[in-house]
$ cat coords-v7.cif   # mmCIF, C-alpha atoms
data_data
#
loop_
_atom_site.label_atom_id
_atom_site.label_comp_id
_atom_site.auth_asym_id
_atom_site.auth_seq_id
_atom_site.Cartn_x
_atom_site.Cartn_y
_atom_site.Cartn_z
CA MET Z 278 3.68 3.10 31.30
CA TYR Z 279 5.49 4.38 28.24
CA GLN Z 280 8.92 5.87 29.00
CA PHE Z 281 9.60 8.93 26.88
CA ASN Z 282 13.14 9.41 25.66
CA TRP Z 283 13.60 12.44 23.46
CA ARG Z 284 17.40 12.33 23.22
CA PRO Z 285 17.68 10.05 20.16
CA VAL Z 286 15.39 12.43 18.28
CA PHE Z 287 17.38 15.53 19.13
CA GLN Z 288 20.71 13.80 18.52
CA ASN Z 289 19.53 13.25 14.95
CA PHE Z 290 17.85 16.61 14.69
CA ASP Z 291 19.94 17.78 11.73
CA LEU Z 292 18.23 15.02 9.70
CA LEU Z 293 14.92 16.69 10.54
CA TRP Z 294 15.63 20.37 10.08
CA LYS Z 295 17.57 19.81 6.86
CA GLY Z 296 14.64 17.71 5.67
CA LEU Z 297 12.24 20.49 6.59
CA LEU Z 298 14.24 23.06 4.62
CA LEU Z 299 14.45 20.72 1.65
CA GLY Z 300 10.66 20.30 1.78
CA ILE Z 301 10.11 24.05 1.71
CA VAL Z 302 12.56 24.46 -1.17
CA MET Z 303 10.92 21.64 -3.15
CA ALA Z 304 7.45 23.12 -2.57
CA ILE Z 305 8.59 26.55 -3.77
CA GLY Z 306 10.35 25.00 -6.78
CA ALA Z 307 7.27 22.98 -7.73
CA LEU Z 308 5.07 26.05 -7.27
CA ALA Z 309 7.34 28.12 -9.54
CA ILE Z 310 7.15 25.57 -12.36
CA GLY Z 311 3.47 24.99 -11.62
CA VAL Z 312 2.74 28.72 -11.97
CA VAL Z 313 4.31 28.71 -15.45
CA ILE Z 314 2.22 25.67 -16.45
CA GLY Z 315 -0.84 27.23 -14.82
CA LEU Z 316 -0.48 30.60 -16.56
CA ALA Z 317 0.12 29.08 -19.97
CA GLY Z 318 -2.75 26.62 -19.50
CA ALA Z 319 -5.15 29.25 -18.21
CA PHE Z 320 -4.50 31.58 -21.15
CA VAL Z 321 -5.04 28.69 -23.55
CA ARG Z 322 -8.25 27.73 -21.75
CA VAL Z 323 -9.64 31.23 -21.88
CA TYR Z 324 -8.29 32.58 -25.17
CA GLY Z 325 -6.98 29.55 -27.07
CA PRO Z 326 -8.43 27.72 -30.08
CA ARG Z 327 -10.92 24.96 -29.44
CA TRP Z 328 -8.58 21.99 -29.88
CA ALA Z 329 -6.01 23.47 -27.50
CA ARG Z 330 -8.73 24.23 -24.95
CA LEU Z 331 -9.85 20.61 -25.06
CA LEU Z 332 -6.27 19.40 -24.62
CA VAL Z 333 -5.72 21.58 -21.55
CA THR Z 334 -9.09 20.57 -20.09
CA ALA Z 335 -8.16 16.91 -20.54
CA TYR Z 336 -4.85 17.47 -18.72
CA VAL Z 337 -6.56 19.27 -15.87
CA GLU Z 338 -9.34 16.71 -15.44
CA PHE Z 339 -7.01 13.75 -15.74
CA VAL Z 340 -4.33 14.93 -13.32
CA ARG Z 341 -6.84 16.13 -10.75
CA ASN Z 342 -8.49 12.72 -10.63
CA ILE Z 343 -5.44 10.52 -10.08
CA PRO Z 344 -3.31 10.21 -6.92
CA LEU Z 345 -0.16 12.29 -6.62
CA LEU Z 346 1.73 9.14 -5.66
CA LEU Z 347 0.96 7.64 -9.06
CA ILE Z 348 2.34 10.73 -10.81
CA ILE Z 349 5.48 10.53 -8.67
CA TYR Z 350 5.99 6.86 -9.58
CA PHE Z 351 5.24 7.60 -13.23
CA VAL Z 352 7.88 10.33 -13.40
CA TYR Z 353 10.44 8.45 -11.30
CA PHE Z 354 10.07 4.87 -12.56
CA GLY Z 355 8.19 5.34 -15.84
CA LEU Z 356 9.69 8.30 -17.69
CA PRO Z 357 13.31 6.99 -17.67
CA LEU Z 358 12.03 3.95 -19.62
CA ILE Z 359 11.21 6.23 -22.54
CA GLY Z 360 14.46 8.15 -22.24
CA ILE Z 361 13.32 11.05 -20.05
CA ARG Z 362 15.72 11.17 -17.13
CA PHE Z 363 16.15 13.62 -14.32
CA LEU Z 364 19.33 14.57 -12.50
CA ASP Z 365 18.25 12.67 -9.38
CA ASN Z 366 15.19 11.62 -7.41
CA LEU Z 367 14.82 15.12 -5.97
CA TRP Z 368 14.38 16.73 -9.40
CA SER Z 369 12.16 13.90 -10.47
CA PHE Z 370 9.92 14.61 -7.47
CA VAL Z 371 9.86 18.38 -8.05
CA PHE Z 372 8.85 17.81 -11.64
CA ALA Z 373 6.07 15.39 -10.62
CA LEU Z 374 4.77 17.83 -8.02
CA ALA Z 375 4.91 20.66 -10.58
CA LEU Z 376 2.88 18.60 -13.09
CA TYR Z 377 0.33 17.93 -10.37
CA SER Z 378 0.10 21.49 -9.07
CA GLY Z 379 0.04 22.85 -12.63
CA ALA Z 380 -3.34 21.20 -13.20
CA TYR Z 381 -4.82 22.87 -10.10
CA LEU Z 382 -3.18 26.20 -10.89
CA ILE Z 383 -4.65 26.26 -14.41
CA GLU Z 384 -8.08 26.22 -12.78
CA THR Z 385 -7.06 28.85 -10.24
CA PHE Z 386 -5.68 31.20 -12.88
CA ARG Z 387 -8.59 30.59 -15.21
CA ALA Z 388 -10.99 31.69 -12.51
CA GLY Z 389 -8.71 34.65 -11.82
CA LEU Z 390 -8.59 35.68 -15.47
CA GLU Z 391 -12.36 35.51 -15.73
CA ALA Z 392 -12.69 37.60 -12.58
CA VAL Z 393 -10.67 40.48 -14.04
CA ASN Z 394 -13.10 43.28 -14.76
CA ALA Z 395 -13.60 43.47 -18.53
CA GLY Z 396 -13.71 47.26 -18.30
CA TYR Z 397 -9.98 47.42 -17.54
CA ILE Z 398 -9.17 45.31 -20.57
CA GLU Z 399 -11.38 47.48 -22.79
CA ALA Z 400 -9.73 50.58 -21.36
CA GLY Z 401 -6.32 49.14 -22.20
CA THR Z 402 -7.38 48.40 -25.74
CA ALA Z 403 -8.91 51.87 -26.03
CA VAL Z 404 -5.62 53.58 -25.16
CA GLY Z 405 -3.96 51.57 -27.90
CA LEU Z 406 -2.19 48.77 -26.04
CA THR Z 407 -1.49 45.62 -28.02
CA ARG Z 408 -2.98 42.32 -26.86
CA PHE Z 409 0.39 41.35 -25.38
CA GLN Z 410 0.65 44.65 -23.53
CA VAL Z 411 -2.87 44.26 -22.17
CA ALA Z 412 -1.93 40.83 -20.79
CA ARG Z 413 1.42 42.01 -19.45
CA TYR Z 414 0.30 45.28 -17.82
CA ILE Z 415 -3.37 44.75 -17.01
CA THR Z 416 -4.70 41.20 -16.99
CA ILE Z 417 -1.82 39.33 -15.35
CA PRO Z 418 -1.08 41.82 -12.53
CA LEU Z 419 -4.76 42.07 -11.63
CA MET Z 420 -5.21 38.33 -11.85
CA PHE Z 421 -2.30 37.70 -9.50
CA ARG Z 422 -3.82 39.96 -6.89
CA ILE Z 423 -7.13 38.11 -7.20
CA VAL Z 424 -5.62 34.62 -6.93
CA LEU Z 425 -3.03 35.43 -4.25
CA PRO Z 426 -4.97 33.77 -1.41
CA SER Z 427 -5.51 30.52 -3.30
CA LEU Z 428 -1.90 30.60 -4.48
CA GLY Z 429 -0.93 30.72 -0.82
CA ASN Z 430 -3.14 27.74 0.00
CA THR Z 431 -1.57 25.86 -2.89
CA LEU Z 432 1.90 26.50 -1.46
CA ILE Z 433 0.85 25.09 1.91
CA SER Z 434 -0.69 22.01 0.27
CA LEU Z 435 2.43 21.49 -1.81
CA PHE Z 436 4.60 21.75 1.28
CA LYS Z 437 2.55 19.01 2.94
CA ASP Z 438 2.68 16.98 -0.28
CA THR Z 439 6.50 17.02 -0.18
CA SER Z 440 6.12 14.31 2.47
CA LEU Z 441 5.40 11.92 -0.41
CA ALA Z 442 8.95 12.42 -1.67
CA SER Z 443 9.97 9.97 1.06
CA ALA Z 444 8.38 7.26 -1.11
CA ILE Z 445 11.24 7.67 -3.59
CA SER Z 446 13.87 8.24 -0.86
CA VAL Z 447 14.26 12.00 -1.12
CA THR Z 448 15.79 13.01 2.23
CA GLU Z 449 13.05 15.40 3.32
CA LEU Z 450 11.39 15.62 6.73
CA THR Z 451 9.18 12.51 6.56
CA TYR Z 452 12.13 10.50 5.30
CA GLY Z 453 14.13 11.77 8.28
CA ALA Z 454 11.30 10.69 10.57
CA ILE Z 455 11.31 7.16 9.14
CA ARG Z 456 15.10 6.95 9.46
CA ILE Z 457 15.01 7.94 13.13
CA ASN Z 458 11.98 5.71 13.67
CA VAL Z 459 13.74 2.66 12.27
CA ASN Z 460 17.19 3.39 13.76
CA THR Z 461 16.21 4.39 17.29
CA TRP Z 462 12.64 3.08 17.62
CA ARG Z 463 11.62 6.29 19.49
CA ILE Z 464 8.40 6.29 17.50
CA ILE Z 465 6.07 8.43 19.57
CA GLU Z 466 8.79 11.01 20.15
CA VAL Z 467 9.92 11.34 16.56
CA TYR Z 468 6.42 11.66 15.08
CA THR Z 469 5.42 14.17 17.76
CA VAL Z 470 8.42 16.35 16.90
CA VAL Z 471 7.98 15.94 13.16
CA GLY Z 472 4.23 16.59 13.35
CA LEU Z 473 4.87 19.78 15.30
CA MET Z 474 7.51 20.86 12.78
CA TYR Z 475 5.06 20.43 9.90
CA LEU Z 476 2.31 22.16 11.83
CA ALA Z 477 4.49 25.12 12.83
CA THR Z 478 5.80 25.53 9.29
CA CYS Z 479 2.30 25.45 7.79
CA TYR Z 480 1.09 28.15 10.16
CA LEU Z 481 4.26 30.18 9.63
CA ILE Z 482 3.77 30.09 5.86
CA ALA Z 483 0.08 30.95 6.33
CA GLY Z 484 1.01 33.93 8.53
CA LEU Z 485 3.59 35.24 6.07
CA LEU Z 486 1.11 34.88 3.23
CA ARG Z 487 -1.50 36.81 5.20
CA LEU Z 488 0.96 39.71 5.45
CA LEU Z 489 1.62 39.51 1.72
CA GLU Z 490 -2.11 39.43 1.00
CA ARG Z 491 -2.68 42.52 3.10
CA ARG Z 492 0.05 44.30 1.16
CA PHE Z 493 -1.38 43.35 -2.24
CA ALA Z 494 -5.09 43.13 -1.49
CA MET Z 495 -7.45 44.54 -4.10
CA PRO Z 496 -8.65 47.93 -2.93
CA HIS Z 497 -12.41 48.18 -2.80
CA MET T 213 -1.37 -6.60 -23.23
CA GLN T 214 -0.87 -10.20 -22.13
CA THR T 215 0.45 -8.83 -18.83
CA ILE T 216 -2.74 -6.94 -18.19
CA ILE T 217 -4.89 -9.99 -18.90
CA ASN T 218 -2.72 -12.25 -16.74
CA SER T 219 -2.60 -9.83 -13.85
CA GLY T 220 -6.21 -8.74 -14.24
CA PRO T 221 -7.46 -10.55 -11.13
CA LEU T 222 -4.66 -9.04 -9.01
CA ILE T 223 -5.39 -5.54 -10.28
CA LEU T 224 -9.10 -5.99 -9.65
CA ARG T 225 -8.44 -7.23 -6.13
CA GLY T 226 -6.32 -4.15 -5.55
CA LEU T 227 -9.04 -1.91 -6.93
CA LEU T 228 -11.56 -3.57 -4.64
CA VAL T 229 -9.34 -2.88 -1.61
CA THR T 230 -8.98 0.75 -2.70
CA LEU T 231 -12.76 1.07 -3.01
CA GLN T 232 -13.38 -0.63 0.34
CA VAL T 233 -10.83 1.52 2.16
CA SER T 234 -12.19 4.71 0.59
CA ALA T 235 -15.82 3.86 1.36
CA LEU T 236 -15.06 2.85 4.95
CA VAL T 237 -12.94 5.96 5.53
CA LEU T 238 -15.59 8.22 4.05
CA PHE T 239 -18.26 6.60 6.20
CA ILE T 240 -16.34 6.95 9.47
CA GLY T 241 -14.98 10.35 8.48
CA THR T 242 -18.47 11.64 7.74
CA ILE T 243 -19.79 10.52 11.12
CA ILE T 244 -16.83 12.20 12.85
CA GLY T 245 -17.32 15.23 10.64
CA ILE T 246 -21.03 15.71 11.40
CA GLY T 247 -20.31 15.50 15.11
CA GLY T 248 -17.26 17.71 14.78
CA GLY T 249 -18.95 20.31 12.62
CA LEU T 250 -21.95 20.65 14.92
CA ALA T 251 -19.64 20.77 17.95
CA LEU T 252 -17.67 23.59 16.32
CA LEU T 253 -20.86 25.60 15.87
CA TYR T 254 -23.05 24.74 18.83
CA GLY T 255 -20.72 23.00 21.31
CA ALA T 256 -19.84 24.29 24.76
CA LYS T 257 -16.64 26.32 24.78
CA PRO T 258 -14.21 23.60 25.97
CA LEU T 259 -15.63 21.12 23.47
CA ARG T 260 -15.43 23.70 20.70
CA TRP T 261 -11.77 24.38 21.48
CA LEU T 262 -11.00 20.69 21.57
CA VAL T 263 -12.59 20.06 18.18
CA ARG T 264 -10.98 23.20 16.76
CA ALA T 265 -7.56 21.94 17.94
CA TYR T 266 -8.27 18.55 16.36
CA VAL T 267 -9.33 20.04 13.03
CA ASP T 268 -6.50 22.57 12.81
CA THR T 269 -3.85 20.07 13.85
CA LEU T 270 -4.98 17.47 11.36
CA ARG T 271 -5.08 20.00 8.56
CA GLY T 272 -1.51 21.13 9.25
CA ILE T 273 0.11 17.67 9.23
CA PRO T 274 0.67 15.63 6.09
CA LEU T 275 -1.57 12.57 5.89
CA LEU T 276 1.44 10.36 5.23
CA VAL T 277 3.05 11.38 8.54
CA LEU T 278 -0.20 10.51 10.29
CA ILE T 279 -0.32 7.11 8.61
CA PHE T 280 3.29 6.32 9.55
CA ALA T 281 2.76 7.59 13.10
CA LEU T 282 -0.22 5.30 13.66
CA PHE T 283 1.24 2.35 11.77
CA TYR T 284 4.44 2.36 13.84
CA GLY T 285 3.05 4.04 16.94
CA MET T 286 -0.06 2.04 17.77
CA PRO T 287 1.88 -1.18 18.53
CA VAL T 288 4.19 0.80 20.84
CA LEU T 289 1.14 1.89 22.81
CA GLY T 290 0.10 -1.75 23.12
CA LEU T 291 -2.46 -1.75 20.29
CA GLN T 292 -1.55 -4.65 18.04
CA VAL T 293 -3.36 -3.76 14.84
CA SER T 294 -2.85 -4.65 11.21
CA ALA T 295 -1.41 -2.19 8.70
CA MET T 296 -4.88 -1.98 7.21
CA THR T 297 -6.48 -0.95 10.51
CA ALA T 298 -3.80 1.62 11.26
CA ALA T 299 -4.15 3.12 7.79
CA VAL T 300 -7.95 3.23 7.94
CA VAL T 301 -7.86 4.91 11.36
CA ALA T 302 -5.37 7.51 10.10
CA LEU T 303 -7.39 8.23 6.96
CA SER T 304 -10.68 8.40 8.89
CA VAL T 305 -9.34 10.86 11.44
CA PHE T 306 -7.96 12.94 8.58
CA CYS T 307 -11.21 12.75 6.63
CA GLY T 308 -13.20 13.61 9.79
CA ALA T 309 -11.26 16.85 10.22
CA HIS T 310 -12.01 17.92 6.67
CA VAL T 311 -15.69 16.98 6.84
CA SER T 312 -15.99 18.86 10.16
CA GLU T 313 -14.98 22.06 8.40
CA ILE T 314 -17.36 21.35 5.54
CA VAL T 315 -20.30 20.72 7.88
CA ARG T 316 -19.47 23.78 9.96
CA GLY T 317 -19.30 25.91 6.82
CA GLY T 318 -22.56 24.49 5.49
CA ALA T 319 -24.53 24.94 8.70
CA MET T 320 -23.07 28.40 9.26
CA SER T 321 -24.13 29.55 5.82
CA ILE T 322 -27.79 29.14 6.80
CA SER T 323 -28.85 32.69 7.56
CA SER T 324 -29.51 33.56 11.19
CA GLY T 325 -33.01 34.64 10.19
CA GLN T 326 -33.84 30.96 9.79
CA THR T 327 -32.70 30.27 13.34
CA ASP T 328 -34.68 33.26 14.62
CA ALA T 329 -37.76 32.07 12.77
CA ALA T 330 -37.37 28.57 14.20
CA ASN T 331 -36.99 30.02 17.68
CA ALA T 332 -40.04 32.21 17.16
CA LEU T 333 -42.02 29.09 16.28
CA GLY T 334 -40.89 27.57 19.57
CA LEU T 335 -38.82 24.76 18.10
CA SER T 336 -36.35 23.09 20.44
CA PHE T 337 -32.67 22.86 19.50
CA PRO T 338 -32.92 19.28 18.14
CA GLN T 339 -36.05 20.23 16.19
CA ARG T 340 -34.34 23.30 14.82
CA LEU T 341 -31.45 21.14 13.62
CA ARG T 342 -33.67 18.42 12.28
CA TYR T 343 -36.24 20.52 10.42
CA VAL T 344 -34.55 23.83 9.66
CA ILE T 345 -30.76 23.78 9.66
CA LEU T 346 -29.77 20.32 8.43
CA PRO T 347 -32.10 20.00 5.41
CA GLN T 348 -30.82 23.31 4.09
CA ALA T 349 -27.20 22.68 5.08
CA LEU T 350 -27.25 19.33 3.28
CA ARG T 351 -27.55 21.06 -0.08
CA ARG T 352 -24.59 23.29 0.63
CA VAL T 353 -22.52 20.48 2.11
CA LEU T 354 -23.09 18.03 -0.71
CA PRO T 355 -20.73 19.46 -3.39
CA PRO T 356 -17.66 19.78 -1.13
CA TRP T 357 -18.49 16.43 0.45
CA VAL T 358 -18.48 14.69 -2.93
CA ASN T 359 -15.19 16.43 -3.59
CA THR T 360 -13.86 14.95 -0.35
CA ALA T 361 -14.99 11.50 -1.46
CA ALA T 362 -12.83 11.79 -4.58
CA GLU T 363 -9.96 13.15 -2.46
CA MET T 364 -10.23 10.11 -0.20
CA VAL T 365 -9.97 7.71 -3.15
CA LYS T 366 -6.76 9.47 -4.14
CA ALA T 367 -5.50 9.67 -0.56
CA SER T 368 -6.14 5.96 -0.04
CA SER T 369 -3.19 5.29 -2.37
CA LEU T 370 -0.91 6.23 0.54
CA VAL T 371 -1.85 3.00 2.35
CA SER T 372 0.41 1.24 -0.16
CA LEU T 373 3.37 2.82 1.66
CA VAL T 374 2.57 0.78 4.78
CA SER T 375 2.27 -2.38 2.68
CA VAL T 376 -1.51 -2.60 2.32
CA VAL T 377 -2.14 -4.19 -1.08
CA ASP T 378 -4.48 -1.64 -2.63
CA LEU T 379 -4.62 -0.74 -6.33
CA MET T 380 -1.37 1.23 -6.13
CA MET T 381 0.49 -1.54 -4.34
CA SER T 382 -0.73 -4.30 -6.64
CA ILE T 383 0.33 -2.22 -9.66
CA GLN T 384 3.78 -1.69 -8.15
CA GLN T 385 4.10 -5.40 -7.41
CA ILE T 386 3.11 -6.45 -10.92
CA ALA T 387 5.34 -3.76 -12.45
CA GLY T 388 8.27 -5.06 -10.43
CA ARG T 389 7.68 -8.56 -11.75
CA THR T 390 6.77 -7.95 -15.37
CA ARG T 391 8.63 -4.72 -16.20
CA GLU T 392 5.58 -3.43 -18.07
CA THR T 393 5.80 -0.34 -15.90
CA LEU T 394 4.35 2.33 -18.19
CA LEU T 395 1.46 0.20 -19.34
CA LEU T 396 0.54 -0.68 -15.76
CA TYR T 397 0.72 2.94 -14.61
CA GLY T 398 -1.57 3.77 -17.49
CA VAL T 399 -4.06 1.16 -16.31
CA ALA T 400 -3.85 2.44 -12.73
CA ALA T 401 -4.35 6.03 -13.85
CA LEU T 402 -7.35 5.03 -15.92
CA LEU T 403 -8.94 3.09 -13.06
CA TYR T 404 -8.43 5.89 -10.54
CA PHE T 405 -9.74 8.37 -13.08
CA LEU T 406 -12.84 6.31 -13.81
CA VAL T 407 -13.65 5.91 -10.11
CA ASN T 408 -13.25 9.60 -9.36
CA PHE T 409 -14.97 10.69 -12.53
CA SER T 410 -17.98 8.52 -11.63
CA ILE T 411 -18.02 10.05 -8.16
CA SER T 412 -18.07 13.59 -9.51
CA MET T 413 -20.77 12.66 -12.06
CA LEU T 414 -22.87 11.19 -9.26
CA GLY T 415 -22.21 14.33 -7.24
CA ARG T 416 -23.39 16.54 -10.06
CA ARG T 417 -26.61 14.54 -10.39
CA LEU T 418 -27.26 14.67 -6.66
CA GLU T 419 -26.60 18.39 -6.70
CA LYS T 420 -29.17 18.89 -9.41
CA ARG T 421 -31.70 16.80 -7.55
CA PHE T 422 -31.26 18.70 -4.31
CA ALA T 423 -30.93 22.13 -5.86
CA TYR T 424 -33.53 24.75 -5.03
CA SER T 425 -36.07 24.83 -7.79
#

$ encode --input "coords-v7.cif" --output "structure tokens"
Amino acid sequence: MYQFNWRPVFQNFDLLWKGLLLGIVMAIGALAIGVVIGLAGAFVRVYGPRWARLLVTAYVEFVRNIPLLLIIYFVYFGLPLIGIRFLDNLWSFVFALALYSGAYLIETFRAGLEAVNAGYIEAGTAVGLTRFQVARYITIPLMFRIVLPSLGNTLISLFKDTSLASAISVTELTYGAIRINVNTWRIIEVYTVVGLMYLATCYLIAGLLRLLERRFAMPH
Amino acid sequence: MQTIINSGPLILRGLLVTLQVSALVLFIGTIIGIGGGLALLYGAKPLRWLVRAYVDTLRGIPLLVLIFALFYGMPVLGLQVSAMTAAVVALSVFCGAHVSEIVRGGAMSISSGQTDAANALGLSFPQRLRYVILPQALRRVLPPWVNTAAEMVKASSLVSLVSVVDLMMSIQQIAGRTRETLLLYGVAALLYFLVNFSISMLGRRLEKRFAYS
């Protein structure tokens, strides 16, 4: 019969909760950069010239069809070889995750842009707004309200994806789990606790996002 | 270039492992998913709760944590399995949870009028599934299922972190030896892309074939 011993896990608990916080911060950071990539890409895909549209489509299709781990390795091991260096492995990971999420967000925002009722845009033009003003005051705010739910899902996915940062020794939650696993060999205990921490955080984020969605939902 | 030619057999062996793992995982995951999806819709209450707990738990935990947990945990529980087995079990359980949701969604989207009509004709529950629900659900399930197949090919790269020599691992090994890192990552990206692109092309053709005319 397996003898549970939870003490080694809780003695090292700061490794876990600090890792959890770092994961959340990295996910939010990657989402922030990803949103910029996504917005720029989506506008190019919808309104840009043909060559630029093709370029963005190629980026989206390529990134969405290769594993995140490969992008992480590429940014961490590959880019320094051609002189692109990051401050440390943490920034390298955030950048890789942002590149990855950017490709998905371009698609999300593109769908959002196309879902904005054309009547609003015409109305904006009719009252004499410039194209920039139409984007700034009409298209983008409406689009954000449309894509809010899928933006929330992206954040949750990104948070789970931060577990891959352990592959390049970023000290997030999964890395903490492996450390405790290897040092104390309380394997069942540590993965139970870590699994529950991920699970609770995912549902917490989902709950918070639901509140946000209710606040900003499109009125019917 | 010489590196690629010299290490070609190793890369191909890695690719083959990636394809085998993905296919096996998709196969097991689909079987779990069909059972799970139907249980979520038509199961008795305790069964439904159990499957719901399974699906929601698996979707809230990173796959990598699951792989590590099984890789290190199964031996502790007295199951001496290889890294490959542990990884395939983890991926299959993960895949099963996702396919369960897909199947549930597909079967649920069949309008209740269909069920009523089947009942009115006096069909039994298995007949209703066999002749009314499943043939229609299949068309709705196919696109997200193909999507899952491509996701599994990508997800299978995580087995390299428990030392299974798949495409990702073989690329890392060769890169460590030859220092042709960027070139090798390019090759890996291209291979993964080609596999997944073929899957989505196949999916699109299947979709067209099964679409309502």

$ interface_residues --input "coords-v7.cif" --of "chain Z" --to "chain T" --cutoff "6 Å" --atoms "all atoms listed in the file" --output "list in words"
Asn342, Ile343, Pro344, Gly355, Lys437, Ile464, Ile465, Tyr468, Gly472, Tyr475, Leu476 and Cys479 of chain Z

$ resolve_selection --input "coords-v7.cif" --expression "the PyMOL selection byres ((chain Z and resi 421-430) around 7)" --output "list of chain:residue names"
Z:Thr385, Z:Phe386, Z:Gly389, Z:Ile417, Z:Pro418, Z:Leu419, Z:Met420, Z:Thr431, Z:Leu432, Z:Ile433, Z:Ser434, Z:Leu486, Z:Glu490, Z:Phe493, Z:Ala494, Z:Met495

$ resolve_selection --input "coords-v7.cif" --expression "the PyMOL selection byres ((chain T and resi 313) around 12)" --output "number ranges by chain"
T: 241-242, 244-253, 263-264, 266-268, 270-271, 306-312, 314-320, 353, 356-357, 360

$ resolve_selection --input "coords-v7.cif" --expression "the PyMOL selection byres ((chain Z and resi 446-455) around 10)" --output "count of residues only"
53

$ atom_distance --input "coords-v7.cif" --atom1 "atom CA of T:Ser219" --atom2 "atom CA of T:Leu231"
18.4 Å

$ atom_distance --input "coords-v7.cif" --atom1 "atom CA of Z:Tyr336" --atom2 "atom CA of Z:Glu384"
11.1 Å

$ decode --input "coords-v7.cif" --residues "stretch 379-384 of chain T" --atoms "all heavy atoms" --output "mmCIF file, in the first residue's frame"
data_model
loop_
_atom_site.group_PDB
_atom_site.id
_atom_site.type_symbol
_atom_site.label_atom_id
_atom_site.label_comp_id
_atom_site.auth_asym_id
_atom_site.auth_seq_id
_atom_site.Cartn_x
_atom_site.Cartn_y
_atom_site.Cartn_z
ATOM 1 N N LEU T 379 10.301 12.920 -33.538
ATOM 2 C CA LEU T 379 10.920 13.875 -34.467
ATOM 3 C C LEU T 379 11.629 14.997 -33.700
ATOM 4 O O LEU T 379 12.775 15.338 -33.996
ATOM 5 C CB LEU T 379 9.839 14.450 -35.398
ATOM 6 C CG LEU T 379 10.294 15.533 -36.374
ATOM 7 C CD1 LEU T 379 11.433 15.056 -37.245
ATOM 8 C CD2 LEU T 379 9.128 15.999 -37.247
ATOM 9 N N MET T 380 10.933 15.543 -32.687
ATOM 10 C CA MET T 380 11.512 16.656 -31.938
ATOM 11 C C MET T 380 12.810 16.257 -31.260
ATOM 12 O O MET T 380 13.805 16.970 -31.316
ATOM 13 C CB MET T 380 10.481 17.126 -30.897
ATOM 14 C CG MET T 380 10.898 18.331 -30.108
ATOM 15 S SD MET T 380 10.973 19.779 -31.134
ATOM 16 C CE MET T 380 9.266 20.241 -31.131
ATOM 17 N N MET T 381 12.780 15.079 -30.621
ATOM 18 C CA MET T 381 13.962 14.613 -29.889
ATOM 19 C C MET T 381 15.116 14.332 -30.835
ATOM 20 O O MET T 381 16.259 14.685 -30.549
ATOM 21 C CB MET T 381 13.601 13.347 -29.098
ATOM 22 C CG MET T 381 14.709 12.858 -28.203
ATOM 23 S SD MET T 381 15.118 14.080 -26.928
ATOM 24 C CE MET T 381 15.698 12.995 -25.655
ATOM 25 N N SER T 382 14.831 13.696 -31.973
ATOM 26 C CA SER T 382 15.930 13.373 -32.885
ATOM 27 C C SER T 382 16.547 14.661 -33.432
ATOM 28 O O SER T 382 17.769 14.748 -33.600
ATOM 29 C CB SER T 382 15.458 12.445 -34.010
ATOM 30 O OG SER T 382 14.439 13.038 -34.743
ATOM 31 N N ILE T 383 15.701 15.670 -33.692
ATOM 32 C CA ILE T 383 16.228 16.956 -34.159
ATOM 33 C C ILE T 383 17.129 17.576 -33.093
ATOM 34 O O ILE T 383 18.239 18.051 -33.387
ATOM 35 C CB ILE T 383 15.051 17.915 -34.492
ATOM 36 C CG1 ILE T 383 14.322 17.455 -35.757
ATOM 37 C CG2 ILE T 383 15.541 19.345 -34.635
ATOM 38 C CD1 ILE T 383 15.071 17.689 -37.039
ATOM 39 N N GLN T 384 16.676 17.541 -31.836
ATOM 40 C CA GLN T 384 17.479 18.111 -30.751
ATOM 41 C C GLN T 384 18.818 17.385 -30.629
ATOM 42 O O GLN T 384 19.854 18.003 -30.425
ATOM 43 C CB GLN T 384 16.722 18.007 -29.420
ATOM 44 C CG GLN T 384 15.652 19.057 -29.225
ATOM 45 C CD GLN T 384 16.220 20.454 -29.036
ATOM 46 O OE1 GLN T 384 16.636 21.090 -29.990
ATOM 47 N NE2 GLN T 384 16.240 20.933 -27.807
#
